[in-house]
>>> print(open('data.cif').read())   # mmCIF, N, CA and C atoms and all ligand atoms
data_work
loop_
_atom_site.label_atom_id
_atom_site.label_comp_id
_atom_site.auth_asym_id
_atom_site.auth_seq_id
_atom_site.Cartn_x
_atom_site.Cartn_y
_atom_site.Cartn_z
N MET A 4 -7.17 -9.44 -11.46
CA MET A 4 -7.13 -8.01 -11.86
C MET A 4 -5.72 -7.62 -12.30
N GLU A 5 -5.67 -6.85 -13.35
CA GLU A 5 -4.37 -6.43 -13.88
C GLU A 5 -3.74 -5.33 -13.04
N GLN A 6 -2.43 -5.25 -13.11
CA GLN A 6 -1.72 -4.20 -12.35
C GLN A 6 -2.27 -2.82 -12.69
N LYS A 7 -2.51 -2.63 -13.98
CA LYS A 7 -2.97 -1.33 -14.48
C LYS A 7 -4.23 -0.83 -13.76
N GLU A 8 -5.18 -1.73 -13.58
CA GLU A 8 -6.44 -1.38 -12.93
C GLU A 8 -6.24 -1.09 -11.44
N LEU A 9 -5.39 -1.89 -10.79
CA LEU A 9 -5.13 -1.67 -9.36
C LEU A 9 -4.40 -0.32 -9.16
N ILE A 10 -3.52 0.01 -10.07
CA ILE A 10 -2.81 1.30 -10.00
C ILE A 10 -3.79 2.44 -10.20
N ARG A 11 -4.72 2.28 -11.12
CA ARG A 11 -5.72 3.31 -11.36
C ARG A 11 -6.52 3.58 -10.07
N LEU A 12 -6.84 2.51 -9.35
CA LEU A 12 -7.59 2.66 -8.10
C LEU A 12 -6.73 3.32 -7.01
N ALA A 13 -5.44 3.03 -7.03
CA ALA A 13 -4.52 3.67 -6.06
C ALA A 13 -4.42 5.16 -6.35
N LEU A 14 -4.40 5.51 -7.62
CA LEU A 14 -4.36 6.93 -8.01
C LEU A 14 -5.63 7.64 -7.56
N GLU A 15 -6.74 6.93 -7.66
CA GLU A 15 -8.03 7.47 -7.22
C GLU A 15 -8.01 7.69 -5.70
N ALA A 16 -7.49 6.70 -4.97
CA ALA A 16 -7.41 6.78 -3.50
C ALA A 16 -6.54 7.95 -3.07
N ARG A 17 -5.51 8.20 -3.82
CA ARG A 17 -4.56 9.28 -3.49
C ARG A 17 -5.23 10.65 -3.45
N GLU A 18 -6.30 10.80 -4.20
CA GLU A 18 -7.03 12.07 -4.23
C GLU A 18 -7.57 12.45 -2.85
N GLN A 19 -7.78 11.44 -2.00
CA GLN A 19 -8.35 11.70 -0.66
C GLN A 19 -7.29 11.96 0.39
N ALA A 20 -6.02 11.92 0.03
CA ALA A 20 -4.94 12.09 1.02
C ALA A 20 -5.16 13.36 1.85
N TYR A 21 -5.02 13.19 3.17
CA TYR A 21 -5.14 14.34 4.09
C TYR A 21 -3.72 14.67 4.55
N VAL A 22 -3.11 15.65 3.90
CA VAL A 22 -1.67 15.88 4.09
C VAL A 22 -1.31 17.36 4.30
N PRO A 23 -1.93 18.02 5.31
CA PRO A 23 -1.64 19.45 5.49
C PRO A 23 -0.21 19.73 5.94
N TYR A 24 0.52 18.73 6.40
CA TYR A 24 1.87 18.97 6.94
C TYR A 24 2.97 18.63 5.96
N SER A 25 2.86 17.51 5.29
CA SER A 25 3.93 17.14 4.34
C SER A 25 3.55 17.50 2.89
N ASN A 26 2.28 17.61 2.61
CA ASN A 26 1.79 17.77 1.23
C ASN A 26 2.13 16.60 0.32
N TYR A 27 2.62 15.52 0.90
CA TYR A 27 2.99 14.34 0.13
C TYR A 27 1.80 13.38 0.11
N MET A 28 1.21 13.23 -1.08
CA MET A 28 -0.04 12.47 -1.21
C MET A 28 0.23 11.02 -1.63
N VAL A 29 -0.27 10.09 -0.82
CA VAL A 29 -0.07 8.68 -1.13
C VAL A 29 -1.43 7.98 -1.24
N GLY A 30 -1.52 7.08 -2.20
CA GLY A 30 -2.73 6.28 -2.37
C GLY A 30 -2.36 4.81 -2.50
N ALA A 31 -3.23 3.95 -1.99
CA ALA A 31 -2.99 2.51 -2.09
C ALA A 31 -4.29 1.82 -2.46
N ALA A 32 -4.17 0.71 -3.18
CA ALA A 32 -5.32 -0.12 -3.51
C ALA A 32 -4.92 -1.57 -3.22
N LEU A 33 -5.65 -2.17 -2.29
CA LEU A 33 -5.33 -3.51 -1.79
C LEU A 33 -6.33 -4.51 -2.35
N LEU A 34 -5.82 -5.51 -3.05
CA LEU A 34 -6.66 -6.52 -3.70
C LEU A 34 -6.73 -7.78 -2.83
N THR A 35 -7.96 -8.21 -2.51
CA THR A 35 -8.12 -9.43 -1.73
C THR A 35 -8.13 -10.63 -2.68
N LYS A 36 -7.94 -11.82 -2.11
CA LYS A 36 -7.95 -13.02 -2.95
C LYS A 36 -9.32 -13.25 -3.57
N SER A 37 -10.37 -12.70 -2.93
CA SER A 37 -11.72 -12.88 -3.50
C SER A 37 -12.03 -11.83 -4.56
N GLY A 38 -11.08 -10.91 -4.81
CA GLY A 38 -11.27 -9.96 -5.90
C GLY A 38 -11.78 -8.58 -5.49
N LYS A 39 -11.95 -8.39 -4.17
CA LYS A 39 -12.40 -7.06 -3.71
C LYS A 39 -11.21 -6.13 -3.57
N VAL A 40 -11.45 -4.82 -3.70
CA VAL A 40 -10.36 -3.85 -3.55
C VAL A 40 -10.70 -2.88 -2.43
N TYR A 41 -9.76 -2.67 -1.52
CA TYR A 41 -9.89 -1.67 -0.46
C TYR A 41 -8.89 -0.56 -0.74
N LYS A 42 -9.38 0.67 -0.77
CA LYS A 42 -8.51 1.80 -1.07
C LYS A 42 -8.10 2.49 0.22
N GLY A 43 -6.93 3.11 0.20
CA GLY A 43 -6.48 3.86 1.37
C GLY A 43 -5.62 5.04 0.98
N CYS A 44 -5.65 6.08 1.83
CA CYS A 44 -4.78 7.23 1.61
C CYS A 44 -4.05 7.53 2.91
N ASN A 45 -3.01 8.37 2.85
CA ASN A 45 -2.35 8.76 4.09
C ASN A 45 -3.18 9.83 4.79
N ILE A 46 -3.18 9.75 6.10
CA ILE A 46 -3.98 10.66 6.93
C ILE A 46 -3.06 11.23 8.01
N GLU A 47 -2.72 12.50 7.86
CA GLU A 47 -1.74 13.11 8.79
C GLU A 47 -2.43 13.70 10.01
N ASN A 48 -1.61 14.13 10.96
CA ASN A 48 -2.13 14.65 12.23
C ASN A 48 -1.22 15.76 12.73
N ALA A 49 -1.81 16.78 13.35
CA ALA A 49 -1.04 17.91 13.88
C ALA A 49 0.02 17.44 14.87
N SER A 50 -0.23 16.32 15.50
CA SER A 50 0.74 15.77 16.45
C SER A 50 1.73 14.82 15.77
N TYR A 51 1.71 14.80 14.43
CA TYR A 51 2.61 14.04 13.56
C TYR A 51 2.60 12.52 13.76
N THR A 52 2.92 12.06 14.99
CA THR A 52 3.07 10.61 15.21
C THR A 52 1.84 9.79 14.85
N PRO A 53 0.64 10.26 15.10
CA PRO A 53 -0.54 9.44 14.75
C PRO A 53 -0.79 9.31 13.25
N THR A 54 0.01 9.94 12.44
CA THR A 54 -0.15 9.84 10.98
C THR A 54 -0.24 8.39 10.53
N ASN A 55 -1.19 8.12 9.65
CA ASN A 55 -1.33 6.76 9.13
C ASN A 55 -1.01 6.75 7.63
N CYS A 56 -0.15 5.81 7.25
CA CYS A 56 0.21 5.68 5.84
C CYS A 56 -0.96 5.12 5.03
N ALA A 57 -0.93 5.38 3.74
CA ALA A 57 -1.98 4.91 2.83
C ALA A 57 -2.11 3.38 2.86
N GLU A 58 -0.98 2.70 2.89
CA GLU A 58 -1.01 1.23 2.85
C GLU A 58 -1.71 0.67 4.09
N ARG A 59 -1.37 1.25 5.25
CA ARG A 59 -2.00 0.75 6.48
C ARG A 59 -3.47 1.12 6.54
N THR A 60 -3.82 2.27 6.00
CA THR A 60 -5.25 2.62 5.96
C THR A 60 -6.00 1.54 5.18
N ALA A 61 -5.45 1.14 4.04
CA ALA A 61 -6.11 0.12 3.21
C ALA A 61 -6.19 -1.21 3.95
N PHE A 62 -5.09 -1.62 4.58
CA PHE A 62 -5.08 -2.89 5.32
C PHE A 62 -6.06 -2.86 6.48
N PHE A 63 -6.07 -1.77 7.23
CA PHE A 63 -6.92 -1.74 8.42
C PHE A 63 -8.40 -1.67 8.03
N LYS A 64 -8.69 -1.00 6.93
CA LYS A 64 -10.06 -1.00 6.44
C LYS A 64 -10.48 -2.43 6.11
N ALA A 65 -9.62 -3.12 5.37
CA ALA A 65 -9.94 -4.47 4.91
C ALA A 65 -10.06 -5.45 6.08
N VAL A 66 -9.08 -5.44 6.96
CA VAL A 66 -9.09 -6.40 8.08
C VAL A 66 -10.28 -6.13 8.98
N SER A 67 -10.61 -4.87 9.16
CA SER A 67 -11.75 -4.53 10.03
C SER A 67 -13.08 -4.92 9.40
N GLU A 68 -13.05 -5.23 8.11
CA GLU A 68 -14.27 -5.71 7.43
C GLU A 68 -14.26 -7.24 7.30
N GLY A 69 -13.29 -7.87 7.95
CA GLY A 69 -13.27 -9.33 7.97
C GLY A 69 -12.35 -9.98 6.96
N GLU A 70 -11.64 -9.19 6.17
CA GLU A 70 -10.73 -9.76 5.15
C GLU A 70 -9.44 -10.23 5.80
N ARG A 71 -8.93 -11.38 5.32
CA ARG A 71 -7.67 -11.89 5.87
C ARG A 71 -6.71 -12.35 4.77
N GLU A 72 -7.22 -12.44 3.54
CA GLU A 72 -6.41 -13.03 2.47
C GLU A 72 -6.21 -12.03 1.34
N PHE A 73 -4.95 -11.75 1.07
CA PHE A 73 -4.64 -10.69 0.12
C PHE A 73 -3.72 -11.15 -1.00
N GLU A 74 -3.91 -10.50 -2.13
CA GLU A 74 -3.19 -10.86 -3.35
C GLU A 74 -2.08 -9.85 -3.67
N ALA A 75 -2.44 -8.58 -3.62
CA ALA A 75 -1.49 -7.54 -4.06
C ALA A 75 -1.92 -6.17 -3.56
N ILE A 76 -0.94 -5.26 -3.55
CA ILE A 76 -1.26 -3.86 -3.23
C ILE A 76 -0.55 -2.97 -4.24
N ALA A 77 -1.24 -1.94 -4.71
CA ALA A 77 -0.60 -0.95 -5.59
C ALA A 77 -0.46 0.34 -4.79
N ILE A 78 0.68 1.00 -4.96
CA ILE A 78 0.98 2.22 -4.18
C ILE A 78 1.49 3.31 -5.11
N VAL A 79 0.93 4.51 -4.94
CA VAL A 79 1.42 5.66 -5.70
C VAL A 79 1.57 6.84 -4.74
N GLY A 80 2.55 7.68 -4.99
CA GLY A 80 2.73 8.82 -4.09
C GLY A 80 3.54 9.93 -4.72
N GLY A 81 3.37 11.12 -4.15
CA GLY A 81 4.13 12.26 -4.62
C GLY A 81 3.42 13.55 -4.24
N TYR A 82 4.10 14.67 -4.47
CA TYR A 82 3.48 15.97 -4.19
C TYR A 82 2.38 16.23 -5.21
N ALA A 83 1.57 17.24 -4.95
CA ALA A 83 0.41 17.53 -5.79
C ALA A 83 0.70 17.39 -7.28
N GLY A 84 -0.27 16.92 -8.02
CA GLY A 84 -0.08 16.65 -9.44
C GLY A 84 0.21 15.19 -9.65
N GLU A 85 0.60 14.85 -10.85
CA GLU A 85 0.89 13.46 -11.17
C GLU A 85 2.15 13.02 -10.42
N PRO A 86 2.19 11.77 -9.93
CA PRO A 86 3.43 11.29 -9.31
C PRO A 86 4.58 11.32 -10.31
N THR A 87 5.77 11.66 -9.83
CA THR A 87 6.93 11.73 -10.73
C THR A 87 7.98 10.68 -10.37
N GLY A 88 7.81 10.06 -9.20
CA GLY A 88 8.78 9.03 -8.79
C GLY A 88 8.07 7.95 -7.99
N TYR A 89 8.82 6.96 -7.57
CA TYR A 89 8.25 5.84 -6.82
C TYR A 89 8.11 6.19 -5.35
N ALA A 90 7.00 5.77 -4.73
CA ALA A 90 6.79 5.93 -3.29
C ALA A 90 6.80 4.51 -2.71
N TYR A 91 7.97 4.08 -2.27
CA TYR A 91 8.08 2.73 -1.72
C TYR A 91 7.45 2.67 -0.34
N PRO A 92 6.86 1.54 0.01
CA PRO A 92 6.23 1.44 1.33
C PRO A 92 7.26 1.52 2.46
N CYS A 93 6.90 2.21 3.51
CA CYS A 93 7.82 2.36 4.65
C CYS A 93 7.95 1.02 5.38
N GLY A 94 8.91 0.95 6.27
CA GLY A 94 9.18 -0.29 7.00
C GLY A 94 8.00 -0.76 7.84
N VAL A 95 7.31 0.19 8.45
CA VAL A 95 6.16 -0.17 9.29
C VAL A 95 5.07 -0.81 8.43
N CYS A 96 4.82 -0.25 7.26
CA CYS A 96 3.78 -0.82 6.38
C CYS A 96 4.20 -2.19 5.86
N ARG A 97 5.49 -2.36 5.57
CA ARG A 97 5.96 -3.69 5.13
C ARG A 97 5.71 -4.71 6.23
N GLN A 98 5.92 -4.29 7.47
CA GLN A 98 5.70 -5.20 8.60
C GLN A 98 4.22 -5.55 8.75
N VAL A 99 3.35 -4.59 8.52
CA VAL A 99 1.90 -4.86 8.59
C VAL A 99 1.51 -5.85 7.48
N MET A 100 2.10 -5.69 6.29
CA MET A 100 1.84 -6.64 5.20
C MET A 100 2.27 -8.04 5.63
N MET A 101 3.42 -8.11 6.30
CA MET A 101 3.99 -9.38 6.76
C MET A 101 3.03 -10.14 7.69
N GLU A 102 2.23 -9.39 8.42
CA GLU A 102 1.30 -10.00 9.37
C GLU A 102 0.19 -10.79 8.65
N PHE A 103 -0.21 -10.30 7.49
CA PHE A 103 -1.39 -10.87 6.83
C PHE A 103 -1.12 -11.56 5.49
N CYS A 104 0.10 -11.45 4.99
CA CYS A 104 0.35 -11.92 3.62
C CYS A 104 1.49 -12.93 3.56
N ASP A 105 1.37 -13.84 2.63
CA ASP A 105 2.46 -14.78 2.38
C ASP A 105 3.57 -14.02 1.63
N PRO A 106 4.74 -13.90 2.24
CA PRO A 106 5.80 -13.07 1.63
C PRO A 106 6.25 -13.56 0.26
N LYS A 107 6.05 -14.85 -0.01
CA LYS A 107 6.48 -15.38 -1.32
C LYS A 107 5.42 -15.14 -2.40
N GLU A 108 4.20 -14.87 -1.98
CA GLU A 108 3.09 -14.73 -2.94
C GLU A 108 2.59 -13.30 -3.11
N PHE A 109 2.51 -12.58 -2.00
CA PHE A 109 1.90 -11.24 -2.04
C PHE A 109 2.77 -10.29 -2.86
N ARG A 110 2.12 -9.52 -3.74
CA ARG A 110 2.87 -8.61 -4.63
C ARG A 110 2.68 -7.15 -4.24
N VAL A 111 3.78 -6.46 -4.23
CA VAL A 111 3.78 -5.03 -3.91
C VAL A 111 4.11 -4.29 -5.20
N ILE A 112 3.11 -3.56 -5.70
CA ILE A 112 3.26 -2.86 -6.98
C ILE A 112 3.45 -1.37 -6.69
N THR A 113 4.65 -0.91 -6.88
CA THR A 113 4.95 0.50 -6.64
C THR A 113 4.95 1.19 -8.00
N ALA A 114 4.11 2.24 -8.12
CA ALA A 114 3.89 2.79 -9.46
C ALA A 114 4.10 4.29 -9.56
N VAL A 115 4.52 4.70 -10.73
CA VAL A 115 4.56 6.12 -11.08
C VAL A 115 3.30 6.44 -11.89
N SER A 116 2.91 5.48 -12.71
CA SER A 116 1.71 5.63 -13.53
C SER A 116 1.19 4.23 -13.85
N GLU A 117 0.09 4.16 -14.55
CA GLU A 117 -0.48 2.85 -14.91
C GLU A 117 0.47 2.03 -15.77
N ASP A 118 1.38 2.70 -16.45
CA ASP A 118 2.29 1.98 -17.35
C ASP A 118 3.72 1.87 -16.83
N GLU A 119 4.01 2.55 -15.73
CA GLU A 119 5.38 2.52 -15.19
C GLU A 119 5.32 2.07 -13.73
N TYR A 120 5.70 0.82 -13.51
CA TYR A 120 5.61 0.29 -12.15
C TYR A 120 6.64 -0.81 -11.91
N ILE A 121 6.84 -1.09 -10.61
CA ILE A 121 7.73 -2.16 -10.20
C ILE A 121 6.87 -3.15 -9.42
N ASP A 122 6.91 -4.40 -9.81
CA ASP A 122 6.07 -5.44 -9.21
C ASP A 122 6.98 -6.44 -8.50
N LYS A 123 6.97 -6.43 -7.17
CA LYS A 123 7.86 -7.31 -6.39
C LYS A 123 7.05 -8.13 -5.40
N THR A 124 7.62 -9.25 -4.96
CA THR A 124 6.95 -9.99 -3.88
C THR A 124 7.28 -9.28 -2.57
N LEU A 125 6.46 -9.55 -1.55
CA LEU A 125 6.73 -8.97 -0.23
C LEU A 125 8.11 -9.43 0.26
N GLU A 126 8.46 -10.66 -0.04
CA GLU A 126 9.77 -11.15 0.40
C GLU A 126 10.92 -10.34 -0.20
N GLU A 127 10.73 -9.91 -1.44
CA GLU A 127 11.77 -9.07 -2.06
C GLU A 127 11.82 -7.69 -1.39
N MET A 128 10.64 -7.20 -0.98
CA MET A 128 10.57 -5.89 -0.33
C MET A 128 11.02 -5.94 1.12
N LEU A 129 10.83 -7.10 1.75
CA LEU A 129 11.18 -7.25 3.17
C LEU A 129 11.88 -8.59 3.38
N PRO A 130 13.15 -8.66 2.98
CA PRO A 130 13.86 -9.93 3.15
C PRO A 130 14.11 -10.23 4.63
N TYR A 131 14.16 -11.51 4.94
CA TYR A 131 14.40 -11.94 6.33
C TYR A 131 13.40 -11.30 7.30
N GLY A 132 12.16 -11.17 6.87
CA GLY A 132 11.15 -10.54 7.72
C GLY A 132 10.74 -11.43 8.89
N PHE A 133 10.20 -10.80 9.89
CA PHE A 133 9.68 -11.51 11.07
C PHE A 133 8.16 -11.48 10.99
N GLY A 134 7.55 -12.65 11.08
CA GLY A 134 6.09 -12.69 10.94
C GLY A 134 5.46 -13.74 11.82
N PRO A 135 4.17 -13.96 11.63
CA PRO A 135 3.41 -14.91 12.45
C PRO A 135 4.04 -16.31 12.48
N SER A 136 4.70 -16.71 11.38
CA SER A 136 5.26 -18.07 11.33
C SER A 136 6.47 -18.21 12.26
N ASN A 137 6.98 -17.13 12.78
CA ASN A 137 8.11 -17.19 13.70
C ASN A 137 7.67 -17.45 15.14
N LEU A 138 6.39 -17.30 15.38
CA LEU A 138 5.90 -17.44 16.76
C LEU A 138 5.09 -18.72 16.95
N1 LIG B 201 3.58 7.73 3.65
C1 LIG B 201 2.68 6.79 3.24
O1 LIG B 201 1.48 7.03 3.16
N2 LIG B 201 3.17 5.56 2.91
C2 LIG B 201 4.47 5.19 2.98
O2 LIG B 201 4.80 4.03 2.85
C3 LIG B 201 5.48 6.23 3.19
C4 LIG B 201 4.99 7.50 3.77
C5 LIG B 201 3.07 9.06 4.02
C6 LIG B 201 3.15 9.38 5.48
C7 LIG B 201 3.16 10.89 5.46
O3 LIG B 201 1.82 11.35 5.45
C8 LIG B 201 3.81 11.25 4.14
O4 LIG B 201 3.79 10.07 3.35
C9 LIG B 201 5.23 11.75 4.27
O5 LIG B 201 6.00 10.88 5.02
#
>>> encode(input="data.cif", output="structure tokens")
Amino acid sequence: MEQKELIRLALEAREQAYVPYSNYMVGAALLTKSGKVYKGCNIENASYTPTNCAERTAFFKAVSEGEREFEAIAIVGGYAGEPTGYAYPCGVCRQVMMEFCDPKEFRVITAVSEDEYIDKTLEEMLPYGFGPSNL
């Protein structure tokens, strides 16, 4: 699947963002090695801490459905309307990616639009990461 299509799905996922506190809407689309896509949005909470990022929503949906092998994730974010800047994945989400993905292979596509994006490996996004291979 092309980056463009995965970004389109992330933009679609972003529409579902539940963000009454920050108003910052994030969407993610996670591509499995078998070609399936799991979408996720951020889900906030009045108690703030239980807030779940879009990327983790996508991962937890996928893993809970039995998926373990992933190819790439596209992420878009911003306040209402079209995204105007990049929404890079937070450290916690990078760590969750590290649990399930090969850092040299898995691609993190951070996008403003279908035509404007940055495509990096997880290793580039999380250098010197700690993962399952360390234990
Ligand atoms: N957020 C994400 O969904 N993904 C990230 O990687 C960064 C932050 C969300 C969490 C919260 O709902 C809002 O963006 C503002 O922090």
>>> closest_atom_pairs(input="data.cif", of="chain A", to="ligand LIG 201 (chain B)", cutoff="9 Å", atoms="only C-alpha atoms and all ligand atoms", output="CSV")
residue,atom,partner,partner_atom,distance
A:Ala20,CA,B:LIG201,O3,8.1
A:Tyr21,CA,B:LIG201,O3,7.7
A:Val22,CA,B:LIG201,O3,5.9
A:Pro23,CA,B:LIG201,O3,8.8
A:Tyr24,CA,B:LIG201,O3,7.8
A:Ser25,CA,B:LIG201,C9,5.5
A:Asn26,CA,B:LIG201,C8,7.4
A:Tyr27,CA,B:LIG201,C8,5.1
A:Met28,CA,B:LIG201,O4,6.4
A:Val29,CA,B:LIG201,O1,4.9
A:Gly30,CA,B:LIG201,O1,7.0
A:Ala31,CA,B:LIG201,O1,8.2
A:Gly43,CA,B:LIG201,O1,8.8
A:Cys44,CA,B:LIG201,O1,6.5
A:Asn45,CA,B:LIG201,O1,4.3
A:Ile46,CA,B:LIG201,O3,6.0
A:Glu47,CA,B:LIG201,O3,5.2
A:Asn48,CA,B:LIG201,O3,8.5
A:Tyr51,CA,B:LIG201,O3,8.6
A:Thr54,CA,B:LIG201,O3,6.1
A:Asn55,CA,B:LIG201,C6,6.3
A:Cys56,CA,B:LIG201,O1,3.3
A:Ala57,CA,B:LIG201,O1,4.1
A:Glu58,CA,B:LIG201,N2,6.0
A:Arg59,CA,B:LIG201,O1,7.9
A:Thr60,CA,B:LIG201,O1,8.5
A:Ile78,CA,B:LIG201,N2,8.1
A:Val79,CA,B:LIG201,N2,8.8
A:Gly80,CA,B:LIG201,O1,7.6
A:Gly81,CA,B:LIG201,O4,8.3
A:Ala90,CA,B:LIG201,C3,6.6
A:Tyr91,CA,B:LIG201,O2,5.8
A:Pro92,CA,B:LIG201,O2,3.3
A:Cys93,CA,B:LIG201,O2,3.9
A:Gly94,CA,B:LIG201,O2,7.4
A:Val95,CA,B:LIG201,O2,7.8
A:Cys96,CA,B:LIG201,O2,6.1
A:Arg97,CA,B:LIG201,O2,8.1
>>> atom_distance(input="data.cif", atom1="atom CA of Gln6 of chain A", atom2="atom CA of Ala83 of chain A")
22.8 Å
>>> closest_atom_pairs(input="data.cif", of="segment 52-89 of chain A", to="segment 122-126 of chain A", cutoff="12 Å", atoms="only C-alpha atoms", output="JSON lines")
{"residue": "A:Phe73", "atom": "CA", "partner": "A:Leu125", "partner_atom": "CA", "distance": 11.5}
{"residue": "A:Glu74", "atom": "CA", "partner": "A:Thr124", "partner_atom": "CA", "distance": 10.2}
{"residue": "A:Ala75", "atom": "CA", "partner": "A:Thr124", "partner_atom": "CA", "distance": 8.8}
{"residue": "A:Ile76", "atom": "CA", "partner": "A:Asp122", "partner_atom": "CA", "distance": 9.6}
{"residue": "A:Ala77", "atom": "CA", "partner": "A:Asp122", "partner_atom": "CA", "distance": 8.8}
{"residue": "A:Ile78", "atom": "CA", "partner": "A:Asp122", "partner_atom": "CA", "distance": 10.5}
{"residue": "A:Tyr89", "atom": "CA", "partner": "A:Asp122", "partner_atom": "CA", "distance": 11.7}
>>> write_last_selection(input="data.cif", atoms="N, CA and C atoms", output="short mmCIF file (atom, residue, chain, number, x, y, z; two decimals), in the frame of the given file")
data_model
loop_
_atom_site.label_atom_id
_atom_site.label_comp_id
_atom_site.auth_asym_id
_atom_site.auth_seq_id
_atom_site.Cartn_x
_atom_site.Cartn_y
_atom_site.Cartn_z
N PHE A 73 -4.95 -11.75 1.07
CA PHE A 73 -4.64 -10.69 0.12
C PHE A 73 -3.72 -11.15 -1.00
N GLU A 74 -3.91 -10.50 -2.13
CA GLU A 74 -3.19 -10.86 -3.35
C GLU A 74 -2.08 -9.85 -3.67
N ALA A 75 -2.44 -8.58 -3.62
CA ALA A 75 -1.49 -7.54 -4.06
C ALA A 75 -1.92 -6.17 -3.56
N ILE A 76 -0.94 -5.26 -3.55
CA ILE A 76 -1.26 -3.86 -3.23
C ILE A 76 -0.55 -2.97 -4.24
N ALA A 77 -1.24 -1.94 -4.71
CA ALA A 77 -0.60 -0.95 -5.59
C ALA A 77 -0.46 0.34 -4.79
N ILE A 78 0.68 1.00 -4.96
CA ILE A 78 0.98 2.22 -4.18
C ILE A 78 1.49 3.31 -5.11
N TYR A 89 8.82 6.96 -7.57
CA TYR A 89 8.25 5.84 -6.82
C TYR A 89 8.11 6.19 -5.35
#
>>> atom_distance(input="data.cif", atom1="atom N of Leu33 of chain A", atom2="atom CA of Ala61 of chain A")
6.0 Å
>>> select_by_dssp(input="data.cif", residues="segment 31-136 of chain A", states="alpha helix (DSSP H)", output="list in words")
Ala57, Glu58, Arg59, Thr60, Ala61, Phe62, Phe63, Lys64, Ala65, Val66, Ser67, Gly94, Val95, Cys96, Arg97, Gln98, Val99, Met100, Met101, Glu102, Phe103, Leu125, Glu126, Glu127 and Met128 of chain A
>>> select_by_dssp(input="data.cif", residues="chain A", states="strand (DSSP E)", output="number ranges by chain")
A: 27-35, 40-44, 73-82, 110-116, 119-124
>>> decode(input="data.cif", residues="segment 72-88 of chain A", atoms="C-alpha atoms", output="CSV table (one decimal), in the first residue's frame")
chain,number,residue,atom,x,y,z
A,72,GLU,CA,3.4,-8.2,12.4
A,73,PHE,CA,3.4,-4.6,11.2
A,74,GLU,CA,4.7,-2.7,8.2
A,75,ALA,CA,4.0,1.0,8.7
A,76,ILE,CA,1.9,3.6,10.5
A,77,ALA,CA,0.6,6.9,9.2
A,78,ILE,CA,-0.1,9.7,11.6
A,79,VAL,CA,-1.9,13.0,11.2
A,80,GLY,CA,-2.9,15.6,13.8
A,81,GLY,CA,-3.9,19.1,14.5
A,82,TYR,CA,-6.7,21.4,15.7
A,83,ALA,CA,-10.1,21.3,13.9
A,84,GLY,CA,-9.8,21.6,10.1
A,85,GLU,CA,-7.0,20.3,7.9
A,86,PRO,CA,-3.7,19.6,9.7
A,87,THR,CA,-1.2,22.4,9.2
A,88,GLY,CA,1.8,20.8,10.8
